file my_file-v9.cif (mmCIF, C-alpha atoms)
data_protein
loop_
_atom_site.label_atom_id
_atom_site.label_comp_id
_atom_site.auth_asym_id
_atom_site.auth_seq_id
_atom_site.Cartn_x
_atom_site.Cartn_y
_atom_site.Cartn_z
CA MET J 1 -28.43 -26.19 164.45
CA ARG J 2 -32.05 -26.78 165.45
CA ARG J 3 -31.28 -30.46 165.83
CA LEU J 4 -28.07 -29.77 167.65
CA ILE J 5 -29.46 -27.61 170.47
CA PRO J 6 -31.74 -30.33 171.94
CA ALA J 7 -28.87 -32.79 171.69
CA LEU J 8 -26.58 -30.44 173.59
CA LEU J 9 -29.21 -29.81 176.23
CA ALA J 10 -29.66 -33.55 176.65
CA LEU J 11 -25.91 -33.95 177.00
CA ALA J 12 -25.76 -31.12 179.52
CA ALA J 13 -28.36 -32.88 181.62
CA ALA J 14 -26.38 -36.10 181.51
CA PRO J 15 -23.88 -35.45 184.32
CA SER J 16 -26.31 -36.10 187.11
CA LEU J 17 -27.23 -39.39 185.50
CA ALA J 18 -23.84 -40.39 184.23
CA ASP J 19 -21.79 -39.72 187.32
CA THR J 20 -24.17 -40.88 189.99
CA ASP J 21 -24.16 -44.47 191.05
CA VAL J 22 -27.44 -46.25 191.48
CA PRO J 23 -28.55 -45.18 194.98
CA ILE J 24 -28.43 -47.85 197.61
CA ASP J 25 -31.62 -48.12 199.57
CA TYR J 26 -30.16 -47.19 202.92
CA ALA J 27 -32.33 -46.89 206.00
CA VAL J 28 -30.88 -43.45 206.67
CA GLN J 29 -30.54 -40.59 204.22
CA LEU J 30 -27.11 -39.03 204.59
CA LYS J 31 -26.10 -35.87 202.79
CA VAL J 32 -22.69 -34.22 202.78
CA THR J 33 -21.92 -30.80 201.37
CA PRO J 34 -19.65 -30.31 199.52
CA ILE J 35 -19.20 -33.74 198.00
CA LEU J 36 -16.42 -32.70 195.61
CA CYS J 37 -13.24 -30.93 196.58
CA ILE J 38 -10.72 -29.74 193.99
CA THR J 39 -6.99 -29.34 194.44
CA ASP J 40 -4.18 -28.26 192.17
CA GLU J 41 -0.50 -27.40 192.34
CA ARG J 42 -1.07 -24.13 194.18
CA THR J 43 -3.67 -25.56 196.55
CA PRO J 44 -2.60 -29.15 197.18
CA SER J 45 -5.20 -29.75 199.88
CA CYS J 46 -8.76 -28.74 200.58
CA GLN J 47 -9.52 -26.90 203.78
CA ILE J 48 -13.28 -27.02 203.84
CA SER J 49 -16.15 -26.92 206.25
CA PHE J 50 -18.28 -30.02 205.64
CA LEU J 51 -21.93 -30.00 206.53
CA VAL J 52 -23.27 -33.48 207.29
CA ILE J 53 -27.05 -33.90 207.50
CA TRP J 54 -28.87 -37.16 208.17
CA GLN J 55 -32.50 -38.13 208.35
CA SER J 56 -34.26 -41.37 209.19
CA GLU J 57 -37.85 -42.54 209.13
CA GLN J 58 -37.45 -44.05 212.58
CA THR J 59 -36.48 -42.41 215.84
CA GLY J 60 -33.52 -44.15 217.44
CA TYR J 61 -29.86 -44.21 218.29
CA TYR J 62 -27.51 -43.23 215.47
CA CYS J 63 -23.78 -42.57 215.25
CA LEU J 64 -21.74 -40.76 212.60
CA TYR J 65 -18.18 -41.80 211.64
CA ASN J 66 -15.58 -40.84 209.10
CA ASP J 67 -12.33 -42.31 207.80
CA PHE J 68 -10.17 -40.06 209.94
CA GLU J 69 -11.43 -40.99 213.40
CA GLU J 70 -11.59 -44.44 214.93
CA SER J 71 -14.32 -43.41 217.31
CA GLU J 72 -17.62 -41.87 216.34
CA LEU J 73 -17.78 -38.18 215.47
CA ARG J 74 -21.09 -37.86 217.23
CA CYS J 75 -24.02 -39.99 218.36
CA TRP J 76 -27.67 -39.03 218.66
CA THR J 77 -30.15 -40.68 221.05
CA ASP J 78 -33.89 -40.79 220.35
CA LYS J 79 -33.50 -38.73 217.20
CA ARG J 80 -34.63 -39.15 213.61
CA SER J 81 -32.47 -36.38 212.14
CA GLY J 82 -29.36 -34.41 212.90
CA GLU J 83 -26.48 -32.46 211.47
CA LEU J 84 -22.82 -31.84 212.08
CA ASN J 85 -20.48 -29.19 210.78
CA GLU J 86 -16.78 -29.89 210.79
CA GLU J 87 -13.72 -28.25 209.30
CA ARG J 88 -11.23 -30.58 207.65
CA THR J 89 -8.12 -30.41 205.52
CA VAL J 90 -8.13 -33.30 203.08
CA GLN J 91 -5.99 -34.52 200.20
CA THR J 92 -7.64 -37.83 199.34
CA ASP J 93 -11.13 -39.27 199.05
CA PHE J 94 -12.79 -40.13 202.34
CA SER J 95 -16.18 -41.26 203.61
CA TYR J 96 -18.77 -40.45 206.23
CA TRP J 97 -21.02 -43.27 207.38
CA MET J 98 -23.70 -43.95 209.96
CA THR J 99 -24.53 -46.86 212.19
CA GLY J 100 -27.37 -47.60 214.57
CA ASN J 101 -27.46 -49.52 217.84
CA ASP J 102 -25.42 -52.23 216.25
CA ASP J 103 -22.00 -50.77 215.33
CA GLU J 104 -21.59 -53.38 212.61
CA SER J 105 -24.65 -52.37 210.64
CA LEU J 106 -23.97 -49.73 208.05
CA LEU J 107 -27.00 -47.50 207.63
CA ALA J 108 -25.61 -44.98 205.16
CA MET J 109 -22.35 -43.89 203.62
CA VAL J 110 -21.22 -40.96 201.50
CA THR J 111 -17.80 -40.55 199.89
CA VAL J 112 -16.29 -37.12 199.48
CA GLU J 113 -14.12 -36.97 196.38
CA VAL J 114 -10.89 -35.02 196.16
CA LEU J 115 -10.13 -34.27 192.54
CA ARG J 116 -6.60 -33.28 191.59
CA MET J 117 -6.52 -31.02 188.55
CA ASP J 118 -2.74 -31.10 188.13
CA THR J 119 -0.67 -34.17 187.45
CA GLY J 120 2.72 -35.42 188.52
CA ASP J 121 3.95 -34.89 184.96
CA ARG J 122 5.40 -31.38 184.66
CA ARG J 123 4.94 -31.36 180.88
CA ARG J 124 1.20 -31.71 181.21
CA ASN J 125 0.97 -28.96 183.79
CA ARG J 126 3.27 -26.61 181.93
CA ARG J 127 2.14 -26.95 178.31
CA SER J 128 -0.21 -24.24 177.09
CA ARG J 129 -3.51 -25.36 175.71
CA HIS J 130 -4.23 -25.25 172.03
CA VAL J 131 -6.57 -22.45 171.08
CA TRP J 132 -9.81 -24.36 171.48
CA ASN J 133 -8.79 -26.85 174.09
CA ILE J 134 -10.98 -26.08 177.09
CA PHE J 135 -9.70 -28.94 179.23
CA MET S 136 -15.86 -35.98 157.83
CA ASN S 137 -19.38 -34.75 157.23
CA SER S 138 -20.19 -32.46 160.14
CA GLN S 139 -23.56 -34.02 160.98
CA THR S 140 -22.17 -37.55 160.78
CA GLY S 141 -19.23 -36.48 162.85
CA ILE S 142 -21.41 -34.93 165.50
CA ALA S 143 -23.60 -38.03 165.65
CA LEU S 144 -20.56 -40.29 166.07
CA LEU S 145 -19.11 -38.07 168.75
CA MET S 146 -22.42 -37.94 170.63
CA LEU S 147 -22.52 -41.73 170.52
CA PHE S 148 -18.94 -41.83 171.75
CA ALA S 149 -19.73 -39.44 174.58
CA SER S 150 -22.89 -41.25 175.65
CA SER S 151 -21.21 -44.66 175.66
CA ALA S 152 -18.52 -43.20 177.86
CA CYS S 153 -21.17 -42.01 180.28
CA ILE S 154 -22.61 -45.49 180.53
CA ALA S 155 -19.20 -47.01 181.06
CA ALA S 156 -18.18 -44.59 183.76
CA THR S 157 -18.29 -46.00 187.27
CA SER S 158 -17.25 -43.06 189.35
CA PRO S 159 -18.69 -41.97 192.68
CA ALA S 160 -21.47 -39.46 192.79
CA ASP S 161 -20.45 -35.89 192.22
CA GLN S 162 -23.54 -34.06 193.26
CA ASP S 163 -24.50 -33.19 196.80
CA SER S 164 -26.64 -36.24 197.05
CA THR S 165 -27.76 -39.02 199.23
CA ALA S 166 -25.60 -41.93 200.24
CA ASN S 167 -23.58 -43.71 197.66
CA SER S 168 -21.20 -46.59 197.65
CA ARG S 169 -17.47 -46.31 197.19
CA ALA S 170 -16.33 -46.23 193.60
CA THR S 171 -14.05 -48.64 191.89
CA GLU S 172 -11.93 -47.03 189.26
CA GLN S 173 -11.72 -48.98 186.06
CA ILE S 174 -8.29 -49.14 184.60
CA THR S 175 -8.07 -50.69 181.21
CA GLY S 176 -4.96 -51.85 179.48
CA ALA S 177 -4.95 -48.81 177.23
CA MET S 178 -4.89 -46.56 180.27
CA ALA S 179 -1.94 -48.28 181.88
CA PRO S 180 -0.55 -45.86 184.44
CA ASP S 181 2.95 -44.50 184.75
CA GLU S 182 5.13 -45.00 187.81
CA ARG S 183 3.15 -42.32 189.68
CA GLY S 184 -0.03 -44.30 189.15
CA GLU S 185 -1.45 -41.77 186.70
CA SER S 186 -2.76 -42.75 183.32
CA ARG S 187 -0.48 -41.79 180.48
CA TRP S 188 -3.52 -40.92 178.44
CA GLN S 189 -5.42 -37.68 178.60
CA LEU S 190 -8.76 -37.91 176.86
CA GLY S 191 -11.68 -35.53 176.74
CA ILE S 192 -14.43 -34.35 174.51
CA ALA S 193 -16.47 -31.17 174.60
CA LEU S 194 -19.63 -30.33 172.72
CA GLY S 195 -20.89 -26.84 172.40
CA TYR S 196 -20.91 -24.00 170.01
CA GLY S 197 -18.28 -21.55 168.93
CA LEU S 198 -16.94 -19.62 166.03
CA ARG S 199 -13.63 -18.31 164.81
CA THR S 200 -13.69 -15.44 162.37
CA ASN S 201 -11.81 -15.80 159.12
CA PRO S 202 -9.58 -12.86 158.20
CA LEU S 203 -9.50 -13.77 154.50
CA VAL S 204 -11.64 -12.05 151.89
CA GLN S 205 -14.42 -14.17 150.41
CA SER S 206 -14.24 -16.63 153.24
CA ASP S 207 -16.52 -18.21 155.81
CA ASP S 208 -16.03 -18.13 159.54
CA ILE S 209 -15.01 -21.40 161.13
CA PRO S 210 -17.70 -23.03 163.29
CA ILE S 211 -16.61 -25.01 166.33
CA ILE S 212 -18.98 -27.69 167.57
CA VAL S 213 -16.67 -30.32 168.98
CA ASP S 214 -13.46 -29.97 170.93
CA ILE S 215 -11.48 -33.17 171.34
CA ASP S 216 -8.59 -33.46 173.74
CA ILE S 217 -6.29 -36.41 173.14
CA ALA S 218 -2.81 -36.70 174.54
CA TRP S 219 -0.38 -39.37 175.65
CA PHE S 220 2.68 -38.74 177.78
CA GLY S 221 5.38 -41.38 177.98
CA ASP S 222 8.57 -41.09 179.99
CA HIS S 223 10.23 -39.06 177.25
CA PHE S 224 7.99 -39.08 174.18
CA PHE S 225 4.58 -37.48 174.09
CA PHE S 226 1.69 -36.70 171.79
CA ASP S 227 -0.43 -33.71 172.71
CA ASN S 228 -3.27 -32.78 170.39
CA GLY S 229 -1.23 -32.94 167.20
CA ASP S 230 2.15 -32.16 168.70
CA PHE S 231 4.73 -34.96 168.84
CA GLY S 232 7.49 -34.35 171.34
CA LEU S 233 10.66 -35.75 172.84
CA THR S 234 11.54 -34.30 176.23
CA PHE S 235 15.26 -34.18 176.93
CA ALA S 236 15.34 -31.92 179.99
CA ASP S 237 12.74 -31.82 182.72
CA ASN S 238 13.49 -30.34 186.11
CA GLU S 239 12.07 -28.00 188.71
CA TRP S 240 12.95 -24.95 186.62
CA VAL S 241 12.32 -25.85 183.00
CA THR S 242 11.06 -28.56 180.67
CA THR S 243 12.70 -28.65 177.25
CA SER S 244 11.48 -30.76 174.35
CA VAL S 245 11.90 -31.21 170.64
CA VAL S 246 8.44 -30.86 169.14
CA ALA S 247 7.07 -31.66 165.69
CA ARG S 248 3.76 -30.07 164.77
CA VAL S 249 1.55 -28.92 161.93
CA ASN S 250 1.35 -25.18 161.40
CA SER S 251 -2.02 -23.66 162.16
CA ASP S 252 -2.05 -20.73 159.69
CA ARG S 253 -3.39 -23.01 156.95
CA VAL S 254 -6.70 -23.41 158.75
CA PHE S 255 -8.14 -20.18 157.32
CA PHE S 256 -7.54 -21.27 153.71
CA GLY S 257 -9.88 -24.23 153.94
CA ARG S 258 -13.02 -22.12 153.95
CA THR S 259 -12.66 -19.75 151.03
CA ASN S 260 -15.00 -19.14 148.11
CA THR S 261 -14.50 -18.39 144.45
CA LYS S 262 -16.54 -15.58 142.96
CA PHE S 263 -16.77 -13.61 139.76
CA VAL S 264 -16.34 -9.95 140.62
CA THR S 265 -16.78 -6.73 138.70
CA VAL S 266 -14.76 -4.61 141.12
CA ASP S 267 -11.29 -5.30 142.41
CA LEU S 268 -10.39 -5.64 146.10
CA ALA S 269 -9.73 -1.89 146.29
CA GLY S 270 -13.28 -1.23 145.07
CA GLN S 271 -12.31 -0.05 141.59
CA PRO S 272 -14.58 -1.21 138.74
CA LEU S 273 -13.19 -3.80 136.34
CA THR S 274 -13.72 -3.85 132.58
CA SER S 275 -15.28 -7.31 132.78
CA ALA S 276 -16.18 -9.91 135.36
CA VAL S 277 -13.07 -11.62 136.69
CA GLN S 278 -12.81 -14.83 138.68
CA LEU S 279 -11.44 -14.10 142.16
CA SER S 280 -10.07 -17.07 144.03
CA ILE S 281 -8.07 -17.05 147.24
CA PRO S 282 -4.79 -18.88 146.53
CA ASP S 283 -4.56 -22.33 148.05
CA ARG S 284 -2.03 -22.91 150.79
CA ASP S 285 -0.74 -26.15 152.27
CA PHE S 286 -0.23 -27.37 155.80
CA ALA S 287 3.40 -27.28 156.87
CA ALA S 288 5.13 -29.78 159.11
CA GLU S 289 7.45 -28.00 161.50
CA LEU S 290 10.14 -29.09 163.95
CA GLY S 291 11.40 -27.03 166.83
CA ILE S 292 12.32 -26.53 170.44
CA GLU S 293 9.90 -25.87 173.25
CA MET S 294 10.81 -24.56 176.71
CA LEU S 295 8.25 -24.58 179.51
CA ALA S 296 8.40 -23.15 182.98
CA ASP S 297 5.86 -22.61 185.72
CA GLY S 298 5.53 -21.41 189.26
CA ARG S 299 3.25 -19.42 191.48
CA TRP S 300 3.73 -16.62 188.97
CA GLY S 301 2.01 -18.60 186.20
CA ARG S 302 3.18 -20.60 183.19
CA LEU S 303 5.49 -19.57 180.38
CA GLN S 304 5.97 -21.34 177.06
CA LEU S 305 8.72 -20.42 174.59
CA THR S 306 8.83 -22.11 171.19
CA ALA S 307 10.87 -21.88 168.00
CA HIS S 308 9.80 -23.97 165.00
CA HIS S 309 11.16 -24.29 161.48
CA ASP S 310 9.43 -25.76 158.46
CA ILE S 311 10.74 -29.24 157.62
CA SER S 312 8.26 -30.02 154.85
CA GLY S 313 9.55 -27.50 152.33
CA THR S 314 6.18 -25.76 152.36
CA HIS S 315 6.99 -22.25 153.52
CA LYS S 316 10.67 -22.74 154.36
CA GLY S 317 10.37 -20.23 157.18
CA TYR S 318 10.26 -20.24 160.97
CA GLU S 319 8.23 -18.96 163.89
CA ILE S 320 9.27 -17.92 167.39
CA ALA S 321 6.54 -17.55 169.98
CA PHE S 322 5.93 -17.05 173.67
CA ASP S 323 2.79 -17.56 175.66
CA TYR S 324 2.09 -16.57 179.26
CA VAL S 325 -0.76 -18.08 181.26
CA TYR S 326 -2.03 -17.42 184.76
CA GLY S 327 -4.86 -19.47 186.17
CA TRP S 328 -6.97 -18.87 189.26
CA ARG S 329 -8.96 -21.64 190.88
CA ASN S 330 -11.51 -21.42 193.64
CA GLN S 331 -12.74 -24.96 194.07
CA ARG S 332 -15.05 -25.65 191.11
CA TRP S 333 -14.49 -22.27 189.47
CA TYR S 334 -11.57 -21.61 187.18
CA PHE S 335 -10.43 -18.47 185.41
CA GLU S 336 -7.45 -18.41 183.06
CA PRO S 337 -6.25 -15.44 181.05
CA SER S 338 -3.28 -15.78 178.72
CA PHE S 339 -1.49 -13.75 176.11
CA GLY S 340 1.44 -14.08 173.77
CA LEU S 341 3.38 -12.95 170.76
CA SER S 342 4.39 -14.88 167.69
CA TYR S 343 7.12 -13.75 165.30
CA LYS S 344 6.77 -15.14 161.77
CA SER S 345 9.70 -15.02 159.40
CA GLU S 346 9.45 -13.39 155.97
CA ALA S 347 9.39 -16.76 154.19
CA MET S 348 6.58 -18.04 156.36
CA ASN S 349 4.54 -14.85 156.32
CA ASN S 350 4.92 -14.47 152.58
CA TYR S 351 3.93 -18.06 151.87
CA TYR S 352 0.58 -17.74 153.63
CA TRP S 353 -0.27 -14.07 153.13
CA GLY S 354 1.57 -13.16 149.93
CA VAL S 355 0.10 -13.36 146.42
CA ARG S 356 2.49 -14.76 143.79
CA PRO S 357 2.54 -13.13 140.37
CA GLY S 358 1.17 -16.36 138.89
CA GLU S 359 -1.82 -16.17 141.27
CA SER S 360 -2.63 -12.54 140.60
CA ASN S 361 -5.03 -11.15 138.08
CA GLU S 362 -6.96 -7.96 137.44
CA ALA S 363 -8.94 -8.38 140.67
CA LEU S 364 -6.15 -9.72 142.88
CA PRO S 365 -2.84 -7.87 142.78
CA ALA S 366 0.45 -9.58 143.54
CA TYR S 367 1.76 -8.98 147.06
CA GLU S 368 4.91 -9.83 148.90
CA ALA S 369 4.74 -9.99 152.70
CA GLY S 370 7.68 -9.40 154.99
CA SER S 371 8.18 -10.75 158.50
CA GLY S 372 5.85 -9.75 161.30
CA THR S 373 4.65 -10.42 164.81
CA ASN S 374 1.14 -11.54 165.70
CA ALA S 375 -0.29 -10.85 169.14
CA HIS S 376 -2.93 -12.94 170.81
CA ALA S 377 -4.91 -13.08 174.04
CA ARG S 378 -7.21 -15.72 175.43
CA LEU S 379 -9.62 -15.86 178.33
CA GLN S 380 -11.06 -19.06 179.69
CA PHE S 381 -13.69 -19.49 182.34
CA GLY S 382 -14.61 -22.90 183.64
CA TYR S 383 -16.80 -24.64 186.18
CA GLN S 384 -16.14 -28.22 187.29
CA ILE S 385 -19.56 -29.80 187.49
CA SER S 386 -18.33 -33.17 188.62
CA ARG S 387 -15.34 -35.48 188.49
CA HIS S 388 -15.82 -35.93 184.75
CA TRP S 389 -17.94 -33.05 183.58
CA SER S 390 -17.15 -29.39 183.25
CA PHE S 391 -18.55 -26.35 181.59
CA ALA S 392 -16.23 -23.86 179.93
CA MET S 393 -16.32 -20.69 177.94
CA VAL S 394 -13.32 -19.42 176.07
CA GLY S 395 -12.76 -16.26 174.08
CA GLU S 396 -9.75 -15.57 171.90
CA PHE S 397 -8.38 -12.59 170.05
CA GLU S 398 -5.50 -12.56 167.57
CA ARG S 399 -4.13 -9.51 165.83
CA LEU S 400 -2.37 -10.26 162.55
CA ASN S 401 0.96 -8.60 161.94
CA ASP S 402 1.18 -5.51 159.72
CA GLU S 403 2.55 -7.41 156.73
CA ALA S 404 -0.23 -9.98 156.80
CA ALA S 405 -2.89 -7.35 157.43
CA ALA S 406 -1.77 -5.39 154.35
CA SER S 407 -2.23 -8.40 152.06
CA PRO S 408 -4.97 -8.07 149.44
CA ILE S 409 -6.37 -11.44 150.53
CA VAL S 410 -6.89 -10.18 154.10
CA ASP S 411 -10.16 -8.48 154.87
CA GLU S 412 -10.09 -8.36 158.69
CA ARG S 413 -6.93 -7.82 160.64
CA ASN S 414 -8.35 -9.07 163.92
CA VAL S 415 -9.38 -12.67 164.39
CA PHE S 416 -11.96 -13.29 167.09
CA GLY S 417 -13.14 -16.58 168.44
CA TYR S 418 -15.31 -18.02 171.16
CA PHE S 419 -16.51 -21.39 172.31
CA ALA S 420 -18.87 -22.46 175.09
CA GLY S 421 -19.63 -26.04 175.86
CA PHE S 422 -19.75 -29.01 178.17
CA GLY S 423 -16.68 -31.16 178.41
CA TYR S 424 -16.29 -34.75 179.52
CA ARG S 425 -12.90 -35.86 180.81
CA PHE S 426 -12.12 -39.58 180.89
CA ARG S 427 -10.36 -40.19 184.20
#
call {"tool": "encode", "arguments": {"input": "my_file-v9.cif", "output": "structure tokens"}}
result
Amino acid sequence: MRRLIPALLALAAAPSLADTDVPIDYAVQLKVTPILCITDERTPSCQISFLVIWQSEQTGYYCLYNDFEESELRCWTDKRSGELNEERTVQTDFSYWMTGNDDESLLAMVTVEVLRMDTGDRRRNRRSRHVWNIF
Amino acid sequence: MNSQTGIALLMLFASSACIAATSPADQDSTANSRATEQITGAMAPDERGESRWQLGIALGYGLRTNPLVQSDDIPIIVDIDIAWFGDHFFFDNGDFGLTFADNEWVTTSVVARVNSDRVFFGRTNTKFVTVDLAGQPLTSAVQLSIPDRDFAAELGIEMLADGRWGRLQLTAHHDISGTHKGYEIAFDYVYGWRNQRWYFEPSFGLSYKSEAMNNYYWGVRPGESNEALPAYEAGSGTNAHARLQFGYQISRHWSFAMVGEFERLNDEAAASPIVDERNVFGYFAGFGYRFR
């Protein structure tokens, strides 16, 4: 058991390493909260308020976009940071991204994941778990 | 499998899966690129685009008490979830099924499984005792062994239904291996609440065990009895059980869960001389990794 506990702690710490892609060295730091949204049979979509925060080392002109709108959500002039709060109802993964003066240059992007906990197979949703099955 | 070797292999399995995973970031983090989901041949999806496989592994710690006299509790370190669902056939953690009716109201399948009552008989001890199980002194030391019992293969019908009211599972299984020659009828009701990453799921149920089945596992045949262990014949009975699960979805793949379980053995089983504790308690807490 003494050997097992450190191993379990190491495993518990693994998610942040295992599930995070190698960060891309973007010019702008973009953070979205929450980044994971969970749906199931009773709640097939997520109605969530997303907080988008960005920060740059350089003052300038920056615009924020997402997959739902063709035009920018908001642009900032002569700023090096900013934030936006928006309510959305989503059912699939989508992204926020930022550009600068040049609309073609991607400065940062974050993908919000929508994770479905139920499946399209009724048997899987309906079967009771075995005693120790925690999944 | 040796438990330490098994744990080491499973840890290796889990860690290699972590390395292989190429999912998007799950934490509130800085910018990340879009993910590309890897679909291997073994995970070939069904017509809905979902993988037919359901694979997961959890590591943690738990225990299930053993109701038998002279027995050890059952430790739980690893929880493996492995299932495959075809169009009609499925395998779900030891259950083999053929679904012949599946509609909005009910799913009905023929299911073959291995009975779970045998699990307690794998962790018993043999001792020389000088008092019998009622506490009366014996004239000389007598060897007291818990009779061995076999796993039974069973075949039966399973009916499943769900809705906003929860999930209901009705099952009826009969022994097809000639082990106990009895049957079991059970129902289980589950209601789950989810609030984004948090999940809470209580469930309860009843399980009727026929006389033949109950007597096979909990009875003591005359040939197995001695001065310390009297013969006993068990009649039919109904077990009751309840389960409570609490979970937190850490990320797309990882979750943390705690589960507690309680099972009350039926009167006939509880009165058996080989039963020391009528109530069976269990718990498990651990981190789970789901392959998606």
call {"tool": "resolve_selection", "arguments": {"input": "my_file-v9.cif", "expression": "the PyMOL selection byres ((chain S and resi 388) around 6)", "output": "compact mmCIF listing (two decimals) with C-alpha atoms, in the frame of the given file"}}
result
# COMPACT_ATOMS: atom_id res chain seq x y z
CA SER S 386 -18.33 -33.17 188.62
CA ARG S 387 -15.34 -35.48 188.49
CA TRP S 389 -17.94 -33.05 183.58
CA TYR S 424 -16.29 -34.75 179.52
CA ARG S 425 -12.90 -35.86 180.81
call {"tool": "atom_distance", "arguments": {"input": "my_file-v9.cif", "atom1": "CA of Asp267 in chain S", "atom2": "CA of Tyr352 in chain S"}}
result
20.5 Å
call {"tool": "resolve_selection", "arguments": {"input": "my_file-v9.cif", "expression": "the PyMOL selection byres ((chain J and resi 107-118) around 6)", "output": "list of chain:residue names"}}
result
J:Tyr26, J:Ala27, J:Val28, J:Ile35, J:Leu36, J:Cys37, J:Ile38, J:Thr39, J:Asp40, J:Thr92, J:Asp93, J:Phe94, J:Ser95, J:Tyr96, J:Trp97, J:Met98, J:Thr99, J:Leu106, J:Thr119, S:Ala166, S:Asn167
call {"tool": "closest_residue", "arguments": {"input": "my_file-v9.cif", "among": "J:Tyr62, J:Trp54, J:Phe68, J:Trp76", "to": "chain S", "atoms": "only C-alpha atoms"}}
result
J:Trp54
call {"tool": "resolve_selection", "arguments": {"input": "my_file-v9.cif", "expression": "the PyMOL selection byres ((chain S and resi 203) around 9)", "output": "list in words"}}
result
Asn201, Pro202, Val204, Gln205, Ser206, Asp207, Phe255, Phe256, Thr259, Ile281, Pro408, Ile409, Val410, Asp411, Glu412 and Arg413 of chain S
call {"tool": "write_last_selection", "arguments": {"input": "my_file-v9.cif", "atoms": "C-alpha atoms", "output": "compact mmCIF listing (two decimals), in the frame of the given file"}}
result
# COMPACT_ATOMS: atom_id res chain seq x y z
CA ASN S 201 -11.81 -15.80 159.12
CA PRO S 202 -9.58 -12.86 158.20
CA VAL S 204 -11.64 -12.05 151.89
CA GLN S 205 -14.42 -14.17 150.41
CA SER S 206 -14.24 -16.63 153.24
CA ASP S 207 -16.52 -18.21 155.81
CA PHE S 255 -8.14 -20.18 157.32
CA PHE S 256 -7.54 -21.27 153.71
CA THR S 259 -12.66 -19.75 151.03
CA ILE S 281 -8.07 -17.05 147.24
CA PRO S 408 -4.97 -8.07 149.44
CA ILE S 409 -6.37 -11.44 150.53
CA VAL S 410 -6.89 -10.18 154.10
CA ASP S 411 -10.16 -8.48 154.87
CA GLU S 412 -10.09 -8.36 158.69
CA ARG S 413 -6.93 -7.82 160.64
call {"tool": "closest_residue", "arguments": {"input": "my_file-v9.cif", "among": "J:Ser49, J:Thr77, J:Gln29, J:Asn85", "to": "chain S", "atoms": "all atoms listed in the file"}}
result
J:Gln29
call {"tool": "closest_residue", "arguments": {"input": "my_file-v9.cif", "among": "S:Glu403, S:Glu368, S:Glu289, S:Glu398", "to": "chain J", "atoms": "all atoms listed in the file"}}
result
S:Glu398
call {"tool": "closest_residue", "arguments": {"input": "my_file-v9.cif", "among": "J:Ser81, J:Gln55, J:Ser45, J:Thr33", "to": "chain S", "atoms": "all atoms listed in the file"}}
result
J:Thr33
call {"tool": "residues_near_point", "arguments": {"input": "my_file-v9.cif", "point": "(-7.7, -22.0, 194.1)", "cutoff": "9 Å", "atoms": "all atoms listed in the file", "output": "PDB file with C-alpha atoms, in the frame of the given file"}}
result
ATOM      1  CA  ILE J  38     -10.720 -29.740 193.990  1.00  0.00           C
ATOM      2  CA  THR J  39      -6.990 -29.340 194.440  1.00  0.00           C
ATOM      3  CA  ASP J  40      -4.180 -28.260 192.170  1.00  0.00           C
ATOM      4  CA  ARG J  42      -1.070 -24.130 194.180  1.00  0.00           C
ATOM      5  CA  THR J  43      -3.670 -25.560 196.550  1.00  0.00           C
TER       6      THR J  43
ATOM      7  CA  GLY S 327      -4.860 -19.470 186.170  1.00  0.00           C
ATOM      8  CA  TRP S 328      -6.970 -18.870 189.260  1.00  0.00           C
ATOM      9  CA  ARG S 329      -8.960 -21.640 190.880  1.00  0.00           C
ATOM     10  CA  ASN S 330     -11.510 -21.420 193.640  1.00  0.00           C
ATOM     11  CA  GLN S 331     -12.740 -24.960 194.070  1.00  0.00           C
ATOM     12  CA  ARG S 332     -15.050 -25.650 191.110  1.00  0.00           C
ATOM     13  CA  TRP S 333     -14.490 -22.270 189.470  1.00  0.00           C
ATOM     14  CA  TYR S 334     -11.570 -21.610 187.180  1.00  0.00           C
TER      15      TYR S 334
END
call {"tool": "build_atoms", "arguments": {"input": "my_file-v9.cif", "residues": "range 38-45 of chain J", "atoms": "N, CA and C atoms", "output": "tab-separated table (two decimals), in the frame of the given file"}}
result
chain	number	residue	atom	x	y	z
J	38	ILE	N	-11.68	-29.79	195.10
J	38	ILE	CA	-10.72	-29.74	193.99
J	38	ILE	C	-9.40	-29.14	194.45
J	39	THR	N	-8.32	-29.83	194.10
J	39	THR	CA	-6.99	-29.34	194.44
J	39	THR	C	-6.17	-29.16	193.17
J	40	ASP	N	-5.12	-28.39	193.28
J	40	ASP	CA	-4.18	-28.26	192.17
J	40	ASP	C	-2.80	-27.97	192.75
J	41	GLU	N	-1.88	-27.59	191.90
J	41	GLU	CA	-0.50	-27.40	192.34
J	41	GLU	C	-0.40	-26.31	193.41
J	42	ARG	N	-1.15	-25.24	193.22
J	42	ARG	CA	-1.07	-24.13	194.18
J	42	ARG	C	-1.81	-24.43	195.47
J	43	THR	N	-2.88	-25.22	195.37
J	43	THR	CA	-3.67	-25.56	196.55
J	43	THR	C	-3.73	-27.08	196.65
J	44	PRO	N	-2.68	-27.69	197.21
J	44	PRO	CA	-2.60	-29.15	197.18
J	44	PRO	C	-3.55	-29.86	198.13
J	45	SER	N	-4.22	-29.11	199.01
J	45	SER	CA	-5.20	-29.75	199.88
J	45	SER	C	-6.43	-28.87	200.01
